[in-house]
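Below: one structure, written as structure tokens.
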Amino acid sequence: MEKILAFVGSLLYGMRFTMLFFYVGLVAIIIGILGKFALETYKLMSTLLFGQLEKIDLIIKVLELVDMTMVAQLVWVVALAGVSLFVTTGHFDKTDMKKPDWLDHVNTYNLKLKLAFAIISISGVHALKTYLSGDMSLESVQVVTMVAVIHFTFVLSAIGISFAERLTREQHK
């Protein structure tokens with residue numbers, strides 16, 4: 001029985017490199033977001049320089065660009081931390097590439113908390129964009145209310161994760 005468990009453990013440990021396919025996919029998503037960001041920036045600059053744009057429309061377009069940036073950062077953090085936590089850290093040792101300082105302190109809890117706060121930030125930007133782009137019809141007010149409730153749920157989730165981690169840490173002391 002112990003040989004079987006050792007074999008399964010070795011197999012699972014060896015399969016950690018299959019996670020690289022997921023992280024390569026995330027890099028492809030970042031490149032796609034970059035392309036969309038560049039296109040939207042070009043359109044916005046063209047409109048700013050050569051067209052007409054209302055102030056509120058400008059704010060909404062800029063918020064959309066900020067939203068894309070934050071989503072790309074979230075995907076980057078997940079990919080980099082995931083490779084470092086679950087696959088290997090050796091790629092920083094063999095090159096002149098400097099490892100980000102926060103990566104030394106990341107563990108699965110810290111990664112979850114970083115993700116939760118990034119999602120809250122993205123949700124906050126989206127909620128503001130929804131609020132600014134809506135008219136005051138009943139349907140629009142309902143949409144804004146629903147977005148605010150979802151955003152508040154994300155905030156409560158992050159607080160819950162943080163509270164659970166604090167309880168776990170206190171129990172181990």
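Labels for the structure tokens follow display order: chains A, B, ..., residues from 1 in each chain, ligands from 1.
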Surrounding residues of A:Gly35 excluding itself and chain neighbours under 5 positions, 12 Å, only C-alpha atoms, as a list in words: Ala28, Ile29, Ile30, Glu40, Thr41, Tyr42, Leu65, Met68, Thr69 and Ala72 of chain A
Using only C-alpha atoms, determine which residues lie at most 7 Å from stretch 15-26 of chain A, disregarding the query and same-chain residues fewer than 6 positions distant; provide the list as a list in words.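 Counting only the stated atoms, we get Val75, Ala79, Phe86 and Val87 of chain A.
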Can you list every residue in stretch 61-167 of chain A that DSSP puts in alpha helix (DSSP H), as a PyMOL selection string? chain A and resi 61-82+108-133+138-167
Neighbouring residues of A:Phe152 were defined as those with any atom within 10 Å, considering only C-alpha atoms; residues of the same chain fewer than 5 positions away were excluded. Please report them as a short mmCIF file (atom, residue, chain, number, x, y, z; two decimals) with C-alpha atoms, in the first residue's frame.
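Saved as part_20.cif:
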data_model
loop_
_atom_site.label_atom_id
_atom_site.label_comp_id
_atom_site.auth_asym_id
_atom_site.auth_seq_id
_atom_site.Cartn_x
_atom_site.Cartn_y
_atom_site.Cartn_z
CA ILE A 120 -12.89 44.24 -5.30
CA SER A 123 -15.67 45.48 -9.25
CA GLY A 124 -15.49 49.00 -7.81
CA MET A 146 -27.50 44.88 -8.38
CA VAL A 147 -23.91 45.87 -9.27
CA SER A 157 -15.93 37.74 0.98
CA ALA A 158 -12.51 39.38 1.31
#
